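Have a look at the structure below before the remarks.
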Amino acid sequence: MNKKIFAANWKMYLNSNESREFMLKVNANKDLFSEFDIMIFPSHTAISIVQDLAKEFDNIKIGMQDCDVLTSGAVTGSNSITSHKVDSCIVGHSERRTIFNENDELIKKKLNNCLDKIGSAILCVGETLDEKEEKKTFEVIKKQLSILPDQIRGKNLDIAYEPVWAIGTGLVASKQYIEDVLSYINNLIKELYSVEDRPNIRLFYGGSVDENSVEELSSIALLDGFLIGSASADFEKFKNMLNKMR
Ligand code: 13P
């Protein structure tokens, strides 16, 4: 079993002070937190604080939870992919799709900006409960992945399968279900890109991952990592997940 990447999407859970406190605890548990590839996506306001406190860790990458579709200009209150110096950026998260009405066309522009400007991005895809019940999961994912660029050579593209019905609900998709969807995504990727590109593409699962589910899901061969929301913003829960996977 290969070691999985732990990507922490802190959403709007931690303010700057709480992010700082979290990172101080990471530093106090340096041995444990050095053993894994970790990505942290703090609130925009906490990015530099977290970066500063992750300086001693080569294995911890810091990213943005989202970025504006533009790279600069008169956009009050927004942050572009060049506003902060980051390692990655999440685009197409279901909360952006629903709360902010983001569509595939907009997400495609954001994705291309991220790949152009920083050479890395996490694209989230996943079906709603209705779509799942109507057996439209593959159809939805195919459409959401239709925005992928023709070429990714040299860029890092992470695809996070996050079923909407599993996000923040405590419902984790079953291992078999995730395996089926990841193998569908894997086949689409194979059709789209050459074999040389495949190592630059990583597959994640997100949706109520915590210390109780992480072990079982880790045996999914196609899975490179987890994109974790609430359990990643709770230091003890994050620590417990890593301890389980040591
Ligand atoms: P939860 O882990 O809180 O369900 O959130 C998952 C998620 O949306 C990560 O991007």
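Identifiers for the structure tokens are assigned positionally: chains receive A, B, ... in sequence, residues are indexed from 1 per chain, and ligands are indexed from 1 in the order shown.
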Could you list, as a tab-separated table (two decimals) with N, CA and C atoms, in the first residue's frame, all the residues within 6 Å of ligand 1, counting only C-alpha atoms and all ligand atoms?
chain	number	residue	atom	x	y	z
A	9	ASN	N	-8.35	20.84	3.28
A	9	ASN	CA	-9.11	22.01	2.84
A	9	ASN	C	-9.77	22.61	4.08
A	167	ILE	N	-20.00	15.21	1.21
A	167	ILE	CA	-19.26	16.34	1.78
A	167	ILE	C	-20.00	16.90	3.00
A	168	GLY	N	-19.30	16.84	4.14
A	168	GLY	CA	-19.85	17.42	5.36
A	168	GLY	C	-21.08	16.70	5.90
A	206	GLY	N	-12.50	12.88	-1.63
A	206	GLY	CA	-12.90	13.72	-0.51
A	206	GLY	C	-14.37	13.54	-0.22
A	207	GLY	N	-14.72	13.66	1.05
A	207	GLY	CA	-16.12	13.52	1.47
A	207	GLY	C	-16.18	12.78	2.78
A	208	SER	N	-16.21	13.54	3.88
A	208	SER	CA	-16.33	12.99	5.24
A	208	SER	C	-15.20	12.02	5.62
A	209	VAL	N	-14.02	12.23	5.05
A	209	VAL	CA	-12.87	11.39	5.45
A	209	VAL	C	-12.45	11.80	6.86
A	227	LEU	N	-8.69	14.50	0.07
A	227	LEU	CA	-8.96	15.92	0.24
A	227	LEU	C	-9.97	16.01	1.39
A	228	ILE	N	-9.49	16.54	2.50
A	228	ILE	CA	-10.26	16.43	3.75
A	228	ILE	C	-10.70	17.81	4.22
A	229	GLY	N	-11.97	17.92	4.59
A	229	GLY	CA	-12.50	19.18	5.08
A	229	GLY	C	-12.45	19.26	6.59
A	230	SER	N	-13.59	19.08	7.24
A	230	SER	CA	-13.68	19.38	8.67
A	230	SER	C	-12.67	18.62	9.53
A	231	ALA	N	-12.42	17.35	9.24
A	231	ALA	CA	-11.48	16.60	10.09
A	231	ALA	C	-10.04	17.12	9.95
- Message: List as number ranges by chain the protein and nucleic acid residues near Trp10 (chain A), meaning an atom at most 12 Å away when only C-alpha atoms are counted, but skip any in the same chain fewer than 5 places from it.
- Response: A: 15-16, 18-19, 22, 39-44, 46-47, 50, 62-66, 90, 227-235, 238
How would the residues just picked look written out with N, CA, C and O atoms as a tab-separated table (two decimals), in the first residue's frame?
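Output (selection_4.tsv):
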chain	number	residue	atom	x	y	z
A	15	ASN	N	-9.67	30.85	11.55
A	15	ASN	CA	-9.21	32.21	11.27
A	15	ASN	C	-7.68	32.24	11.35
A	15	ASN	O	-7.04	31.21	11.60
A	16	SER	N	-7.10	33.41	11.17
A	16	SER	CA	-5.64	33.49	11.11
A	16	SER	C	-4.99	33.01	12.40
A	16	SER	O	-4.00	32.28	12.39
A	18	GLU	N	-6.26	30.96	14.67
A	18	GLU	CA	-6.45	29.51	14.83
A	18	GLU	C	-5.54	28.73	13.87
A	18	GLU	O	-5.03	27.67	14.23
A	19	SER	N	-5.31	29.29	12.70
A	19	SER	CA	-4.41	28.64	11.74
A	19	SER	C	-2.98	28.63	12.31
A	19	SER	O	-2.25	27.65	12.19
A	22	PHE	N	-2.76	26.04	15.04
A	22	PHE	CA	-2.71	24.72	14.41
A	22	PHE	C	-1.27	24.42	13.98
A	22	PHE	O	-0.73	23.35	14.25
A	39	MET	N	-0.76	18.68	2.03
A	39	MET	CA	-1.07	19.95	1.38
A	39	MET	C	-2.06	20.66	2.29
A	39	MET	O	-3.00	20.03	2.79
A	40	ILE	N	-1.86	21.94	2.52
A	40	ILE	CA	-2.80	22.68	3.37
A	40	ILE	C	-3.36	23.86	2.57
A	40	ILE	O	-2.61	24.60	1.92
A	41	PHE	N	-4.67	23.98	2.62
A	41	PHE	CA	-5.38	25.06	1.92
A	41	PHE	C	-6.07	25.92	2.98
A	41	PHE	O	-7.21	25.66	3.35
A	42	PRO	N	-5.36	26.94	3.48
A	42	PRO	CA	-5.95	27.79	4.52
A	42	PRO	C	-6.84	28.87	3.90
A	42	PRO	O	-6.89	29.01	2.68
A	43	SER	N	-7.50	29.66	4.75
A	43	SER	CA	-8.18	30.86	4.25
A	43	SER	C	-7.12	31.75	3.62
A	43	SER	O	-5.96	31.73	4.04
A	44	HIS	N	-7.51	32.57	2.65
A	44	HIS	CA	-6.53	33.43	1.99
A	44	HIS	C	-5.73	34.27	2.98
A	44	HIS	O	-4.53	34.44	2.85
A	46	ALA	N	-4.80	33.60	5.87
A	46	ALA	CA	-3.86	32.85	6.72
A	46	ALA	C	-2.74	32.20	5.91
A	46	ALA	O	-1.86	31.55	6.48
A	47	ILE	N	-2.75	32.37	4.59
A	47	ILE	CA	-1.78	31.67	3.75
A	47	ILE	C	-0.33	31.98	4.18
A	47	ILE	O	0.47	31.07	4.41
A	50	VAL	N	0.61	30.45	7.57
A	50	VAL	CA	0.81	28.99	7.49
A	50	VAL	C	2.11	28.69	6.74
A	50	VAL	O	2.88	27.81	7.15
A	62	ILE	N	1.55	24.41	0.39
A	62	ILE	CA	0.44	25.30	0.75
A	62	ILE	C	-0.27	25.79	-0.52
A	62	ILE	O	0.38	26.18	-1.49
A	63	GLY	N	-1.59	25.77	-0.48
A	63	GLY	CA	-2.35	26.19	-1.65
A	63	GLY	C	-3.49	27.12	-1.32
A	63	GLY	O	-3.76	27.42	-0.15
A	64	MET	N	-4.15	27.58	-2.37
A	64	MET	CA	-5.35	28.43	-2.21
A	64	MET	C	-6.60	27.57	-2.38
A	64	MET	O	-6.59	26.62	-3.16
A	65	GLN	N	-7.66	27.95	-1.68
A	65	GLN	CA	-8.91	27.18	-1.77
A	65	GLN	C	-9.69	27.47	-3.05
A	65	GLN	O	-10.57	26.71	-3.44
A	66	ASP	N	-9.35	28.60	-3.64
A	66	ASP	CA	-10.02	29.01	-4.87
A	66	ASP	C	-9.27	30.23	-5.38
A	66	ASP	O	-8.46	30.80	-4.65
A	90	ILE	N	-7.26	24.91	-5.40
A	90	ILE	CA	-8.45	24.09	-5.65
A	90	ILE	C	-9.38	24.87	-6.59
A	90	ILE	O	-9.61	26.06	-6.38
A	227	LEU	N	-8.69	14.50	0.07
A	227	LEU	CA	-8.96	15.92	0.24
A	227	LEU	C	-9.97	16.01	1.39
A	227	LEU	O	-11.11	15.56	1.26
A	228	ILE	N	-9.49	16.54	2.50
A	228	ILE	CA	-10.26	16.43	3.75
A	228	ILE	C	-10.70	17.81	4.22
A	228	ILE	O	-9.90	18.76	4.25
A	229	GLY	N	-11.97	17.92	4.59
A	229	GLY	CA	-12.50	19.18	5.08
A	229	GLY	C	-12.45	19.26	6.59
A	229	GLY	O	-11.38	19.43	7.19
A	230	SER	N	-13.59	19.08	7.24
A	230	SER	CA	-13.68	19.38	8.67
A	230	SER	C	-12.67	18.62	9.53
A	230	SER	O	-12.09	19.21	10.45
A	231	ALA	N	-12.42	17.35	9.24
A	231	ALA	CA	-11.48	16.60	10.09
A	231	ALA	C	-10.04	17.12	9.95
A	231	ALA	O	-9.22	16.90	10.84
A	232	SER	N	-9.77	17.83	8.87
A	232	SER	CA	-8.41	18.35	8.68
A	232	SER	C	-8.19	19.66	9.42
A	232	SER	O	-7.06	20.10	9.61
A	233	ALA	N	-9.28	20.30	9.82
A	233	ALA	CA	-9.16	21.59	10.51
A	233	ALA	C	-9.17	21.40	12.03
A	233	ALA	O	-9.07	22.37	12.78
A	234	ASP	N	-9.29	20.15	12.45
A	234	ASP	CA	-9.26	19.82	13.88
A	234	ASP	C	-7.94	19.10	14.12
A	234	ASP	O	-7.71	18.00	13.62
A	235	PHE	N	-7.04	19.76	14.87
A	235	PHE	CA	-5.68	19.22	14.98
A	235	PHE	C	-5.66	17.78	15.48
A	235	PHE	O	-4.95	16.93	14.92
A	238	PHE	N	-6.75	15.38	12.78
A	238	PHE	CA	-5.72	15.28	11.73
A	238	PHE	C	-4.58	14.38	12.22
A	238	PHE	O	-4.13	13.46	11.54
- Message: Neighbouring residues of Glu162 (chain A) were defined as those with any atom within 10 Å, considering only C-alpha atoms; residues of the same chain fewer than 3 positions away were excluded. Please report them as a list in words.
- Response: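 Selected residues are His93, Ser94, Leu123, Cys124, Val125, Gly126, Glu127, Thr128, Ile159, Trp165, Ala166, Ile167, Val172, Ala173, Ile178, Phe204, Tyr205, Gly206, Gly207, Ser208, Phe226, Leu227 and Ile228 of chain A.
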- Using only C-alpha atoms, which of A:Ser213, A:Ser48, A:Ser34, A:Asn27 sits nearest Ser174 (chain A)? A:Ser213
- Near-Asp224 (chain A) list (6 Å; only C-alpha atoms; drop same-chain fewer than 4 positions) as a VMD selection string: chain A and resid 4 202 to 204
- Point out the residue among A:Asn59, A:Asn156, A:Asn112, A:Thr45 with the least atom-to-atom distance to Asp31 (chain A), counting only C-alpha atoms.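 For Asp31 (chain A), the nearest of the candidates is A:Asn59.
Picture a line from CA of Leu171 (chain A) to CA of Met12 (chain A); it runs 20.8 Å.
Distances from A:Asn212, A:Thr98, A:Ser219, A:Asn187 to Asn243 (chain A) were compared using only C-alpha atoms, and the smallest one belongs to A:Asn212.
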- Picked from region 93-201 of chain A by DSSP as helix (DSSP H, G or I), as a PyMOL selection string: chain A and resi 94-99+104-118+129-133+137-145+164-166+175-192+198-200
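Using only C-alpha atoms, the shortest contact distance between Ala221 (chain A) and any of A:Gln176, A:Asn2, A:Gln144, A:Gln51 is found at A:Asn2.
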- Message: Would you pick out the contacts of Asp150 (chain A) at 9 Å or less, using only C-alpha atoms, so that residues sharing its chain but fewer than 2 positions from it are not included, and give the list as a ChimeraX atom specification?
- Response: /A:148,152,192-193
Dump C-alpha atoms for the selected residues as a PDB file, in the first residue's frame?
ATOM      1  CA  LEU A 148      -9.481  19.416 -18.975  1.00  0.00           C
ATOM      2  CA  ILE A 152      -0.650  18.996 -19.434  1.00  0.00           C
ATOM      3  CA  LEU A 192      -7.040  12.093 -23.134  1.00  0.00           C
ATOM      4  CA  TYR A 193      -3.359  12.047 -22.288  1.00  0.00           C
TER       5      TYR A 193
END
- Message: Considering only C-alpha atoms, can you say which of A:Ile189, A:Met245, A:Leu24, A:Leu14 comes closest to Glu211 (chain A)?
- Response: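 When distances to Glu211 (chain A) are compared using only C-alpha atoms, the smallest one comes from A:Met245.
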- Message: Among region 42-98 of chain A, which ones does DSSP assign to strand (DSSP E) (computed from the backbone)? Answer as a PyMOL selection string.
- Response: chain A and resi 60-64+88-91
